[in-house]
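Structure file model_4.cif (mmCIF, C-alpha atoms) is printed below.
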data_final
#
loop_
_atom_site.group_PDB
_atom_site.id
_atom_site.type_symbol
_atom_site.label_atom_id
_atom_site.label_comp_id
_atom_site.auth_asym_id
_atom_site.auth_seq_id
_atom_site.Cartn_x
_atom_site.Cartn_y
_atom_site.Cartn_z
ATOM 1 C CA MET A 1 -38.985 26.797 49.599
ATOM 2 C CA ASN A 2 -35.856 28.819 48.878
ATOM 3 C CA ASN A 3 -37.178 32.312 49.667
ATOM 4 C CA GLN A 4 -37.671 32.621 53.421
ATOM 5 C CA TRP A 5 -37.310 35.617 55.707
ATOM 6 C CA GLN A 6 -37.306 36.440 59.400
ATOM 7 C CA ILE A 7 -39.148 39.665 60.204
ATOM 8 C CA ASN A 8 -39.252 41.540 63.485
ATOM 9 C CA ASN A 9 -39.612 44.987 64.982
ATOM 10 C CA VAL A 10 -36.191 46.401 65.876
ATOM 11 C CA LEU A 11 -37.125 49.769 67.365
ATOM 12 C CA ASP A 12 -38.758 48.621 70.608
ATOM 13 C CA GLU A 13 -37.701 46.230 73.368
ATOM 14 C CA TRP A 14 -41.108 44.673 74.043
ATOM 15 C CA THR A 15 -41.788 41.157 72.744
ATOM 16 C CA CYS A 16 -45.458 40.487 73.599
ATOM 17 C CA PRO A 17 -48.710 42.501 73.746
ATOM 18 C CA SER A 18 -49.091 41.383 77.373
ATOM 19 C CA GLU A 19 -46.413 43.987 78.155
ATOM 20 C CA ILE A 20 -48.772 46.879 77.327
ATOM 21 C CA GLY A 21 -48.820 49.253 80.280
ATOM 22 C CA LYS A 22 -45.395 48.232 81.533
ATOM 23 C CA VAL A 23 -42.411 50.572 81.761
ATOM 24 C CA ILE A 24 -39.821 49.591 79.148
ATOM 25 C CA GLN A 25 -36.541 51.506 78.943
ATOM 26 C CA GLY A 26 -38.015 54.275 81.073
ATOM 27 C CA ASN A 27 -41.231 54.699 79.055
ATOM 28 C CA VAL A 28 -44.715 53.237 79.366
ATOM 29 C CA PHE A 29 -45.475 50.865 76.501
ATOM 30 C CA THR A 30 -48.905 51.997 75.299
ATOM 31 C CA LEU A 31 -51.743 50.296 73.454
ATOM 32 C CA GLU A 32 -51.387 52.830 70.653
ATOM 33 C CA GLN A 33 -47.715 51.939 70.192
ATOM 34 C CA TYR A 34 -48.545 48.261 70.069
ATOM 35 C CA LEU A 35 -51.347 48.681 67.528
ATOM 36 C CA LEU A 36 -49.088 50.622 65.161
ATOM 37 C CA VAL A 37 -46.542 47.797 65.112
ATOM 38 C CA GLU A 38 -49.204 45.110 64.786
ATOM 39 C CA GLU A 39 -50.717 46.924 61.805
ATOM 40 C CA THR A 40 -47.291 47.089 60.191
ATOM 41 C CA TYR A 41 -46.835 43.328 60.553
ATOM 42 C CA ILE A 42 -50.224 42.566 59.018
ATOM 43 C CA ASP A 43 -49.786 45.104 56.209
ATOM 44 C CA THR A 44 -46.442 43.457 55.446
ATOM 45 C CA ILE A 45 -48.111 40.047 55.127
ATOM 46 C CA MET A 46 -50.639 41.545 52.730
ATOM 47 C CA VAL A 47 -47.921 43.000 50.521
ATOM 48 C CA PHE A 48 -46.119 39.644 50.421
ATOM 49 C CA LEU A 49 -49.413 37.987 49.463
ATOM 50 C CA LYS A 50 -50.107 40.518 46.737
ATOM 51 C CA GLU A 51 -46.638 40.063 45.257
ATOM 52 C CA ALA A 52 -47.155 36.287 45.325
ATOM 53 C CA GLU A 53 -50.505 36.795 43.555
ATOM 54 C CA LEU A 54 -52.423 34.969 46.285
ATOM 55 C CA GLN A 55 -55.840 35.922 47.601
ATOM 56 C CA THR A 56 -56.412 33.008 49.986
ATOM 57 C CA LEU A 57 -54.399 30.903 52.429
ATOM 58 C CA ARG A 58 -55.074 27.596 54.143
ATOM 59 C CA VAL A 59 -54.950 27.319 57.940
ATOM 60 C CA ILE A 60 -53.064 24.355 59.419
ATOM 61 C CA GLN A 61 -51.818 23.240 62.837
ATOM 62 C CA VAL A 62 -54.722 24.841 64.669
ATOM 63 C CA SER A 63 -54.397 24.563 68.446
ATOM 64 C CA ASP A 64 -57.501 24.415 70.617
ATOM 65 C CA ARG A 65 -57.782 27.819 72.215
ATOM 66 C CA SER A 66 -61.130 29.213 73.329
ATOM 67 C CA ILE A 67 -61.801 32.860 74.112
ATOM 68 C CA SER A 68 -62.765 33.221 77.773
ATOM 69 C CA GLN A 69 -64.903 35.923 79.380
ATOM 70 C CA GLU A 70 -61.718 37.369 80.841
ATOM 71 C CA ASP A 71 -60.239 37.545 77.338
ATOM 72 C CA GLN A 72 -63.313 39.422 76.125
ATOM 73 C CA HIS A 73 -62.745 42.154 78.706
ATOM 74 C CA SER A 74 -59.213 42.819 77.480
ATOM 75 C CA VAL A 75 -58.448 46.037 75.588
ATOM 76 C CA LEU A 76 -57.037 43.764 72.866
ATOM 77 C CA TYR A 77 -60.308 41.926 72.272
ATOM 78 C CA GLU A 78 -62.424 42.768 69.232
ATOM 79 C CA GLN A 79 -65.913 41.480 68.482
ATOM 80 C CA GLU A 80 -64.827 40.037 65.127
ATOM 81 C CA PHE A 81 -62.668 37.501 66.980
ATOM 82 C CA SER A 82 -65.785 35.619 68.090
ATOM 83 C CA GLN A 83 -67.326 35.819 64.638
ATOM 84 C CA ILE A 84 -64.609 33.947 62.764
ATOM 85 C CA LEU A 85 -64.250 30.185 63.099
ATOM 86 C CA ILE A 86 -60.654 29.069 62.602
ATOM 87 C CA GLN A 87 -60.771 25.499 61.352
ATOM 88 C CA GLU A 88 -58.013 23.052 60.465
ATOM 89 C CA ASP A 89 -57.612 22.902 56.674
ATOM 90 C CA GLY A 90 -59.958 25.868 56.200
ATOM 91 C CA VAL A 91 -59.294 28.360 53.396
ATOM 92 C CA TYR A 92 -59.600 32.072 54.187
ATOM 93 C CA ASN A 93 -59.610 35.263 52.121
ATOM 94 C CA THR A 94 -57.456 38.320 52.729
ATOM 95 C CA ASP A 95 -59.948 40.043 55.043
ATOM 96 C CA GLU A 96 -60.226 36.898 57.147
ATOM 97 C CA ILE A 97 -56.441 36.466 57.084
ATOM 98 C CA ARG A 98 -56.092 39.950 58.583
ATOM 99 C CA THR A 99 -58.362 38.978 61.463
ATOM 100 C CA ILE A 100 -56.648 35.617 62.021
ATOM 101 C CA CYS A 101 -53.193 37.222 62.062
ATOM 102 C CA LYS A 102 -54.413 39.825 64.529
ATOM 103 C CA MET A 103 -55.728 37.058 66.777
ATOM 104 C CA ILE A 104 -52.440 35.148 66.604
ATOM 105 C CA LEU A 105 -50.362 38.223 67.389
ATOM 106 C CA ARG A 106 -52.606 38.992 70.377
ATOM 107 C CA ASN A 107 -52.441 35.382 71.648
ATOM 108 C CA TYR A 108 -56.097 34.613 70.910
ATOM 109 C CA ALA A 109 -55.285 31.919 68.320
ATOM 110 C CA ASP A 110 -52.460 29.599 67.357
ATOM 111 C CA CYS A 111 -52.068 28.268 63.813
ATOM 112 C CA GLN A 112 -50.040 28.606 60.616
ATOM 113 C CA LEU A 113 -51.007 30.057 57.254
ATOM 114 C CA TYR A 114 -50.070 28.086 54.192
ATOM 115 C CA ALA A 115 -50.336 27.679 50.416
ATOM 116 C CA LYS A 116 -48.722 24.443 49.297
ATOM 117 C CA ASP A 117 -45.300 24.985 47.680
ATOM 118 C CA HIS A 118 -46.051 28.707 47.312
ATOM 119 C CA PHE A 119 -46.322 30.545 50.609
ATOM 120 C CA PHE A 120 -46.384 30.370 54.398
ATOM 121 C CA VAL A 121 -46.572 32.633 57.419
ATOM 122 C CA HIS A 122 -45.223 31.345 60.742
ATOM 123 C CA PHE A 123 -45.438 33.293 63.992
ATOM 124 C CA GLY A 124 -42.770 32.542 66.582
ATOM 125 C CA TRP A 125 -41.833 33.609 70.086
ATOM 126 C CA ASP A 126 -40.920 37.199 70.983
ATOM 127 C CA TYR A 127 -43.008 38.694 68.163
ATOM 128 C CA TYR A 128 -40.905 37.157 65.401
ATOM 129 C CA MET A 129 -42.581 36.400 62.089
ATOM 130 C CA PHE A 130 -41.330 34.101 59.329
ATOM 131 C CA ILE A 131 -42.533 34.313 55.736
ATOM 132 C CA GLY A 132 -41.746 31.964 52.868
ATOM 133 C CA SER A 133 -42.709 32.596 49.258
ATOM 134 C CA SER A 134 -42.073 31.094 45.850
ATOM 135 C CA HIS A 135 -41.571 34.697 44.666
ATOM 136 C CA ASP A 136 -38.531 36.868 45.344
ATOM 137 C CA SER A 137 -40.805 39.498 46.973
ATOM 138 C CA TYR A 138 -38.539 42.517 46.457
ATOM 139 C CA GLN A 139 -41.403 44.993 46.845
ATOM 140 C CA ALA A 140 -42.639 43.364 50.050
ATOM 141 C CA ILE A 141 -39.156 43.377 51.569
ATOM 142 C CA GLU A 142 -38.729 47.048 50.684
ATOM 143 C CA PHE A 143 -42.139 47.834 52.189
ATOM 144 C CA ALA A 144 -41.317 46.071 55.460
ATOM 145 C CA ARG A 145 -37.984 47.849 55.799
ATOM 146 C CA SER A 146 -39.628 51.195 55.062
ATOM 147 C CA LYS A 147 -41.825 50.502 58.103
ATOM 148 C CA ASN A 148 -38.766 49.968 60.329
ATOM 149 C CA LEU A 149 -38.999 46.193 60.349
ATOM 150 C CA SER A 150 -35.894 44.042 60.166
ATOM 151 C CA VAL A 151 -35.971 41.584 57.242
ATOM 152 C CA GLU A 152 -33.301 38.919 57.033
ATOM 153 C CA GLU A 153 -32.980 35.776 54.962
ATOM 154 C CA CYS A 154 -33.586 32.933 57.377
ATOM 155 C CA ILE A 155 -34.989 29.415 57.225
ATOM 156 C CA SER A 156 -38.058 29.361 59.449
ATOM 157 C CA PRO A 157 -37.559 27.176 62.538
ATOM 158 C CA TYR A 158 -41.075 25.891 61.823
ATOM 159 C CA TYR A 159 -40.331 24.885 58.227
ATOM 160 C CA TYR A 160 -40.144 21.203 57.348
ATOM 161 C CA GLU A 161 -40.216 18.890 54.347
ATOM 162 C CA GLU A 162 -42.176 15.659 54.026
ATOM 163 C CA LYS A 163 -39.004 13.556 53.949
ATOM 164 C CA ASP A 164 -38.190 14.718 57.494
ATOM 165 C CA VAL A 165 -41.609 13.976 59.029
ATOM 166 C CA THR A 166 -42.189 11.147 61.518
ATOM 167 C CA ARG A 167 -45.754 10.101 62.324
ATOM 168 C CA SER A 168 -46.817 8.175 65.420
ATOM 169 C CA ILE A 169 -49.986 7.116 67.172
ATOM 170 C CA GLU A 170 -49.867 8.299 70.778
ATOM 171 C CA TRP A 171 -52.310 7.644 73.582
ATOM 172 C CA SER A 172 -53.282 8.835 77.039
ATOM 173 C CA GLU A 173 -55.734 7.578 79.631
ATOM 174 C CA VAL A 174 -59.275 8.485 78.687
ATOM 175 C CA ASP A 175 -60.291 9.502 82.241
ATOM 176 C CA ALA A 176 -57.201 11.556 83.034
ATOM 177 C CA GLU A 177 -57.891 15.199 83.931
ATOM 178 C CA VAL A 178 -54.734 16.178 82.058
ATOM 179 C CA ALA A 179 -53.958 14.286 78.862
ATOM 180 C CA ILE A 180 -50.437 12.972 79.393
ATOM 181 C CA VAL A 181 -49.026 10.724 76.674
ATOM 182 C CA ILE A 182 -48.251 7.359 78.237
ATOM 183 C CA ALA A 183 -47.066 5.560 75.088
ATOM 184 C CA GLU A 184 -46.687 5.922 71.339
ATOM 185 C CA GLU A 185 -45.959 3.805 68.296
ATOM 186 C CA GLU A 186 -44.436 5.017 65.061
ATOM 187 C CA ILE A 187 -46.259 4.333 61.809
ATOM 188 C CA ARG A 188 -44.232 3.434 58.731
ATOM 189 C CA ASP A 189 -44.911 2.879 55.039
ATOM 190 C CA VAL A 190 -48.117 4.897 54.873
ATOM 191 C CA THR A 191 -48.398 7.509 52.128
ATOM 192 C CA ILE A 192 -49.485 11.067 52.802
ATOM 193 C CA TRP A 193 -52.380 10.436 50.419
ATOM 194 C CA GLU A 194 -53.679 7.654 52.695
ATOM 195 C CA TYR A 195 -53.520 9.919 55.739
ATOM 196 C CA ARG A 196 -55.398 12.677 53.929
ATOM 197 C CA ASN A 197 -58.080 10.254 52.837
ATOM 198 C CA VAL A 198 -58.745 8.679 56.231
ATOM 199 C CA LEU A 199 -58.624 12.017 58.096
ATOM 200 C CA GLY A 200 -60.752 13.837 55.531
ATOM 201 C CA LEU A 201 -58.078 16.404 54.687
ATOM 202 C CA SER A 202 -57.602 18.289 51.448
ATOM 203 C CA GLU A 203 -55.001 17.367 48.835
ATOM 204 C CA GLU A 204 -52.959 20.386 49.950
ATOM 205 C CA HIS A 205 -52.802 19.560 53.651
ATOM 206 C CA PRO A 206 -49.273 18.505 54.740
ATOM 207 C CA VAL A 207 -50.614 16.205 57.510
ATOM 208 C CA PHE A 208 -48.284 17.831 60.020
ATOM 209 C CA GLY A 209 -49.241 18.483 63.627
ATOM 210 C CA TYR A 210 -51.726 16.656 65.851
ATOM 211 C CA PHE A 211 -54.938 14.932 64.762
ATOM 212 C CA ARG A 212 -57.505 13.310 67.067
ATOM 213 C CA ILE A 213 -58.114 9.635 66.264
ATOM 214 C CA THR A 214 -61.637 8.322 66.853
ATOM 215 C CA GLN A 215 -63.357 4.967 66.452
ATOM 216 C CA ALA A 216 -64.258 6.003 62.909
ATOM 217 C CA HIS A 217 -60.535 5.694 62.102
ATOM 218 C CA GLN A 218 -59.999 2.459 64.026
ATOM 219 C CA GLU A 219 -59.907 -0.012 61.135
ATOM 220 C CA PHE A 220 -57.305 1.975 59.213
ATOM 221 C CA PHE A 221 -54.920 2.681 62.076
ATOM 222 C CA GLN A 222 -55.263 -0.728 63.729
ATOM 223 C CA SER A 223 -53.862 -2.272 60.562
ATOM 224 C CA LYS A 224 -50.759 -0.050 60.855
ATOM 225 C CA ILE A 225 -49.688 -0.622 64.482
ATOM 226 C CA ASN A 226 -49.127 -3.481 66.935
ATOM 227 C CA HIS A 227 -50.868 -1.857 69.894
ATOM 228 C CA THR A 228 -54.509 -2.928 70.207
ATOM 229 C CA LEU A 229 -56.672 0.179 70.044
ATOM 230 C CA ASP A 230 -59.052 0.399 72.993
ATOM 231 C CA PHE A 231 -61.166 3.547 73.035
ATOM 232 C CA THR A 232 -62.727 2.612 76.387
ATOM 233 C CA LYS A 233 -59.343 3.054 78.060
ATOM 234 C CA TYR A 234 -57.419 5.521 75.919
ATOM 235 C CA ARG A 235 -57.763 8.633 73.800
ATOM 236 C CA TYR A 236 -55.652 8.522 70.659
ATOM 237 C CA GLY A 237 -54.006 10.990 68.344
ATOM 238 C CA LEU A 238 -51.788 11.022 65.288
ATOM 239 C CA HIS A 239 -48.722 13.135 65.980
ATOM 240 C CA ALA A 240 -46.639 14.237 62.995
ATOM 241 C CA SER A 241 -43.379 16.079 63.689
ATOM 242 C CA CYS A 242 -39.743 16.351 62.643
#
Please render this file's structure as structure tokens.
Amino acid sequence: MNNQWQINNVLDEWTCPSEIGKVIQGNVFTLEQYLLVEETYIDTIMVFLKEAELQTLRVIQVSDRSISQEDQHSVLYEQEFSQILIQEDGVYNTDEIRTICKMILRNYADCQLYAKDHFFVHFGWDYYMFIGSSHDSYQAIEFARSKNLSVEECISPYYYEEKDVTRSIEWSEVDAEVAIVIAEEEIRDVTIWEYRNVLGLSEEHPVFGYFRITQAHQEFFQSKINHTLDFTKYRYGLHASC
């Protein structure tokens, strides 16, 4: 995707909502200040979407992250966070996208938003956001800059192409309290279509990230690797990365 931009807030020195209440450059960073910037980020995404003529996005690379009771007592928690189920390969409308982006920015969720070959939103460290679009997005760029956001052409550090992806089966001990990968084996000569079929993914899913492998997948993956799958000893996953 040729059109990619890095977007960030240049007026303040804070980099995470966890800094609310702290003194930054001699002033207390307030919840109200944070919410204004967050709203600007999300409004910017919406303008990019509108210019790209998209009303839905697919969610990929969802990390397991539950909302604890402690989280629910935070000033950043909103009831709608518990009412939306963020699922791998799920498709969400603009209202739901607003909620999901809010959750990501507040560290309640971790995923990417995606429309194959047309659009993506990646959230990085230090409150950086990366947007890619098949459109030039002149209006969206102008909108972001009018809201005091920095917009620079930049290839997202989270962007990849299929030709650069390596996929491996990795495993850890099934009884381990912490799942530490003890070994892995690369898989070769398997098409992305085969992965989508066996994992039950849509035709748009890039099969990038981590996917739990169960006994239901055993026949397919056993035919692709030398290691003998043993679900009584190990938990398995397909790891796709660059």
Got a sec to check which residues sit within 12 Å of (-45.1, 35.9, 66.8), counting only C-alpha atoms, and write them as a PyMOL selection string? chain A and resi 6-9+15-17+38+41-42+101-112+121-131+158
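Proximity to Ile192 of chain A was assessed for A:Tyr159, A:Tyr77, A:Phe48, A:Phe208 counting all atoms listed in the file; the smallest distance is recorded for A:Phe208.
With only C-alpha atoms as the basis for measurement, A:Leu49 is the residue among A:Ile24, A:Leu49, A:Ile67, A:Ile213 that approaches His118 of chain A most closely.
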The residues within 12 Å of (-57.0, 27.0, 53.6), using only C-alpha atoms and the coordinates of the file, should be reported as a short mmCIF file (atom, residue, chain, number, x, y, z; two decimals) with C-alpha atoms, in the coordinates of the input; which are they?
data_model
loop_
_atom_site.label_atom_id
_atom_site.label_comp_id
_atom_site.auth_asym_id
_atom_site.auth_seq_id
_atom_site.Cartn_x
_atom_site.Cartn_y
_atom_site.Cartn_z
CA LEU A 54 -52.42 34.97 46.28
CA GLN A 55 -55.84 35.92 47.60
CA THR A 56 -56.41 33.01 49.99
CA LEU A 57 -54.40 30.90 52.43
CA ARG A 58 -55.07 27.60 54.14
CA VAL A 59 -54.95 27.32 57.94
CA ILE A 60 -53.06 24.36 59.42
CA GLN A 61 -51.82 23.24 62.84
CA VAL A 62 -54.72 24.84 64.67
CA ILE A 86 -60.65 29.07 62.60
CA GLN A 87 -60.77 25.50 61.35
CA GLU A 88 -58.01 23.05 60.46
CA ASP A 89 -57.61 22.90 56.67
CA GLY A 90 -59.96 25.87 56.20
CA VAL A 91 -59.29 28.36 53.40
CA TYR A 92 -59.60 32.07 54.19
CA ASN A 93 -59.61 35.26 52.12
CA THR A 94 -57.46 38.32 52.73
CA GLU A 96 -60.23 36.90 57.15
CA ILE A 97 -56.44 36.47 57.08
CA CYS A 111 -52.07 28.27 63.81
CA GLN A 112 -50.04 28.61 60.62
CA LEU A 113 -51.01 30.06 57.25
CA TYR A 114 -50.07 28.09 54.19
CA ALA A 115 -50.34 27.68 50.42
CA LYS A 116 -48.72 24.44 49.30
CA PHE A 119 -46.32 30.54 50.61
CA PHE A 120 -46.38 30.37 54.40
CA LEU A 201 -58.08 16.40 54.69
CA SER A 202 -57.60 18.29 51.45
CA GLU A 203 -55.00 17.37 48.84
CA GLU A 204 -52.96 20.39 49.95
CA HIS A 205 -52.80 19.56 53.65
CA PRO A 206 -49.27 18.50 54.74
#
Counting only C-alpha atoms, what is within 12 Å of Glu161 of chain A, bar same-chain residues fewer than 4 positions away, as JSON, numbers by chain? {"A": [1, 116, 117, 156, 157, 165, 166, 206, 207, 208, 240, 241, 242]}
Can you tell me which residues surround Phe231 of chain A at a distance of at most 8 Å, considering all atoms listed in the file, apart from same-chain residues fewer than 3 positions away, and format the answer as a ChimeraX atom specification? /A:174,214-215,234-236
Pull C-alpha atoms from the residues just selected and write them as a CSV table (one decimal), in the frame of the given file.
chain,number,residue,atom,x,y,z
A,174,VAL,CA,-59.3,8.5,78.7
A,214,THR,CA,-61.6,8.3,66.9
A,215,GLN,CA,-63.4,5.0,66.5
A,234,TYR,CA,-57.4,5.5,75.9
A,235,ARG,CA,-57.8,8.6,73.8
A,236,TYR,CA,-55.7,8.5,70.7
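In this model, the gap between atom CA of Lys224 of chain A and atom CA of Arg188 of chain A comes to 7.7 Å.
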Please write the residues picked by the PyMOL selection byres ((chain A and resi 40) around 10) on this file as number ranges by chain. A: 9, 35-39, 41-46, 143-144, 147-149
So which residues touch Asn3 of chain A within 9 Å, counting all atoms listed in the file, skipping near sequence neighbours fewer than 5 positions away, as a list of chain:residue names? A:Ile131, A:Gly132, A:Ser133, A:Ser134, A:His135, A:Asp136, A:Ser137, A:Glu153, A:Cys154, A:Ile155
Find the residue from A:Leu229, A:Ala216, A:Val190, A:Ala52 that sits nearest to Ser172 of chain A; use all atoms listed in the file when measuring.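 For Ser172 of chain A, the nearest of the candidates is A:Leu229.
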Residues at most 8 Å from Thr99 of chain A, counting only C-alpha atoms, excluding those fewer than 4 positions away in the same chain, as a count of residues only? 4
Work out how far apart atom CA of Asn197 of chain A and atom CA of Gln83 of chain A are and give it in Å to one decimal.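 A separation of 29.6 Å between them.
With all atoms listed in the file as the basis for measurement, A:Gly237 is the residue among A:Ser63, A:Val28, A:Gly237, A:Leu199 that approaches Ala183 of chain A most closely.
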Residue contacts of His227 of chain A (12 Å, all atoms listed in the file) excluding same-chain residues fewer than 2 positions away, as a ChimeraX atom specification: /A:168-171,183-187,218,221-225,229-230,234,236
For each of A:Thr232, A:His73, A:Phe220, A:Asn226, take the minimum atom-to-atom distance to Glu173 of chain A, counting only C-alpha atoms, then give the residue where this is smallest. A:Thr232
Which residue is closest to Asp71 of chain A? Choose from A:Asn27, A:Glu142, A:Arg98, A:Ser18 and count all atoms listed in the file.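 For Asp71 of chain A, the nearest of the given residues is A:Ser18.
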Atomic distance atom CA of Ala140 of chain A - atom CA of Glu13 of chain A, expressed in Å with one decimal: 24.0 Å
Kindly complete segment 34-55 of chain A to N, CA and C atoms; the output should be written as a PDB file, in the coordinates of the input.
ATOM      1  N   TYR A  34     -48.427  49.656  70.482  1.00  0.00           N
ATOM      2  CA  TYR A  34     -48.545  48.261  70.069  1.00  0.00           C
ATOM      3  C   TYR A  34     -49.332  48.142  68.770  1.00  0.00           C
ATOM      4  N   LEU A  35     -50.471  48.812  68.689  1.00  0.00           N
ATOM      5  CA  LEU A  35     -51.347  48.681  67.528  1.00  0.00           C
ATOM      6  C   LEU A  35     -50.665  49.142  66.247  1.00  0.00           C
ATOM      7  N   LEU A  36     -49.817  50.150  66.344  1.00  0.00           N
ATOM      8  CA  LEU A  36     -49.088  50.622  65.161  1.00  0.00           C
ATOM      9  C   LEU A  36     -48.155  49.538  64.625  1.00  0.00           C
ATOM     10  N   VAL A  37     -47.461  48.857  65.536  1.00  0.00           N
ATOM     11  CA  VAL A  37     -46.542  47.797  65.112  1.00  0.00           C
ATOM     12  C   VAL A  37     -47.324  46.602  64.563  1.00  0.00           C
ATOM     13  N   GLU A  38     -48.391  46.226  65.254  1.00  0.00           N
ATOM     14  CA  GLU A  38     -49.204  45.110  64.786  1.00  0.00           C
ATOM     15  C   GLU A  38     -49.722  45.365  63.371  1.00  0.00           C
ATOM     16  N   GLU A  39     -50.209  46.577  63.130  1.00  0.00           N
ATOM     17  CA  GLU A  39     -50.717  46.924  61.805  1.00  0.00           C
ATOM     18  C   GLU A  39     -49.624  46.806  60.746  1.00  0.00           C
ATOM     19  N   THR A  40     -48.413  47.191  61.121  1.00  0.00           N
ATOM     20  CA  THR A  40     -47.291  47.089  60.191  1.00  0.00           C
ATOM     21  C   THR A  40     -47.007  45.635  59.832  1.00  0.00           C
ATOM     22  N   TYR A  41     -47.046  44.756  60.820  1.00  0.00           N
ATOM     23  CA  TYR A  41     -46.835  43.328  60.553  1.00  0.00           C
ATOM     24  C   TYR A  41     -47.888  42.804  59.569  1.00  0.00           C
ATOM     25  N   ILE A  42     -49.146  43.104  59.848  1.00  0.00           N
ATOM     26  CA  ILE A  42     -50.224  42.566  59.018  1.00  0.00           C
ATOM     27  C   ILE A  42     -50.194  43.178  57.619  1.00  0.00           C
ATOM     28  N   ASP A  43     -49.920  44.462  57.530  1.00  0.00           N
ATOM     29  CA  ASP A  43     -49.786  45.104  56.209  1.00  0.00           C
ATOM     30  C   ASP A  43     -48.647  44.469  55.415  1.00  0.00           C
ATOM     31  N   THR A  44     -47.577  44.107  56.106  1.00  0.00           N
ATOM     32  CA  THR A  44     -46.442  43.457  55.446  1.00  0.00           C
ATOM     33  C   THR A  44     -46.853  42.105  54.870  1.00  0.00           C
ATOM     34  N   ILE A  45     -47.617  41.327  55.632  1.00  0.00           N
ATOM     35  CA  ILE A  45     -48.111  40.047  55.127  1.00  0.00           C
ATOM     36  C   ILE A  45     -48.939  40.252  53.871  1.00  0.00           C
ATOM     37  N   MET A  46     -49.782  41.267  53.879  1.00  0.00           N
ATOM     38  CA  MET A  46     -50.639  41.545  52.730  1.00  0.00           C
ATOM     39  C   MET A  46     -49.839  41.908  51.486  1.00  0.00           C
ATOM     40  N   VAL A  47     -48.755  42.634  51.671  1.00  0.00           N
ATOM     41  CA  VAL A  47     -47.921  43.000  50.521  1.00  0.00           C
ATOM     42  C   VAL A  47     -47.206  41.762  49.973  1.00  0.00           C
ATOM     43  N   PHE A  48     -46.721  40.897  50.869  1.00  0.00           N
ATOM     44  CA  PHE A  48     -46.119  39.644  50.421  1.00  0.00           C
ATOM     45  C   PHE A  48     -47.140  38.808  49.646  1.00  0.00           C
ATOM     46  N   LEU A  49     -48.371  38.739  50.144  1.00  0.00           N
ATOM     47  CA  LEU A  49     -49.413  37.987  49.463  1.00  0.00           C
ATOM     48  C   LEU A  49     -49.709  38.557  48.080  1.00  0.00           C
ATOM     49  N   LYS A  50     -49.813  39.870  48.012  1.00  0.00           N
ATOM     50  CA  LYS A  50     -50.107  40.518  46.737  1.00  0.00           C
ATOM     51  C   LYS A  50     -49.004  40.239  45.721  1.00  0.00           C
ATOM     52  N   GLU A  51     -47.749  40.304  46.169  1.00  0.00           N
ATOM     53  CA  GLU A  51     -46.638  40.063  45.257  1.00  0.00           C
ATOM     54  C   GLU A  51     -46.599  38.597  44.820  1.00  0.00           C
ATOM     55  N   ALA A  52     -47.094  37.708  45.668  1.00  0.00           N
ATOM     56  CA  ALA A  52     -47.155  36.287  45.325  1.00  0.00           C
ATOM     57  C   ALA A  52     -48.418  35.947  44.528  1.00  0.00           C
ATOM     58  N   GLU A  53     -49.262  36.958  44.316  1.00  0.00           N
ATOM     59  CA  GLU A  53     -50.505  36.795  43.555  1.00  0.00           C
ATOM     60  C   GLU A  53     -51.430  35.767  44.192  1.00  0.00           C
ATOM     61  N   LEU A  54     -51.555  35.861  45.522  1.00  0.00           N
ATOM     62  CA  LEU A  54     -52.423  34.969  46.285  1.00  0.00           C
ATOM     63  C   LEU A  54     -53.512  35.778  46.973  1.00  0.00           C
ATOM     64  N   GLN A  55     -54.720  35.255  46.952  1.00  0.00           N
ATOM     65  CA  GLN A  55     -55.840  35.922  47.601  1.00  0.00           C
ATOM     66  C   GLN A  55     -56.431  35.096  48.741  1.00  0.00           C
TER      67      GLN A  55
END
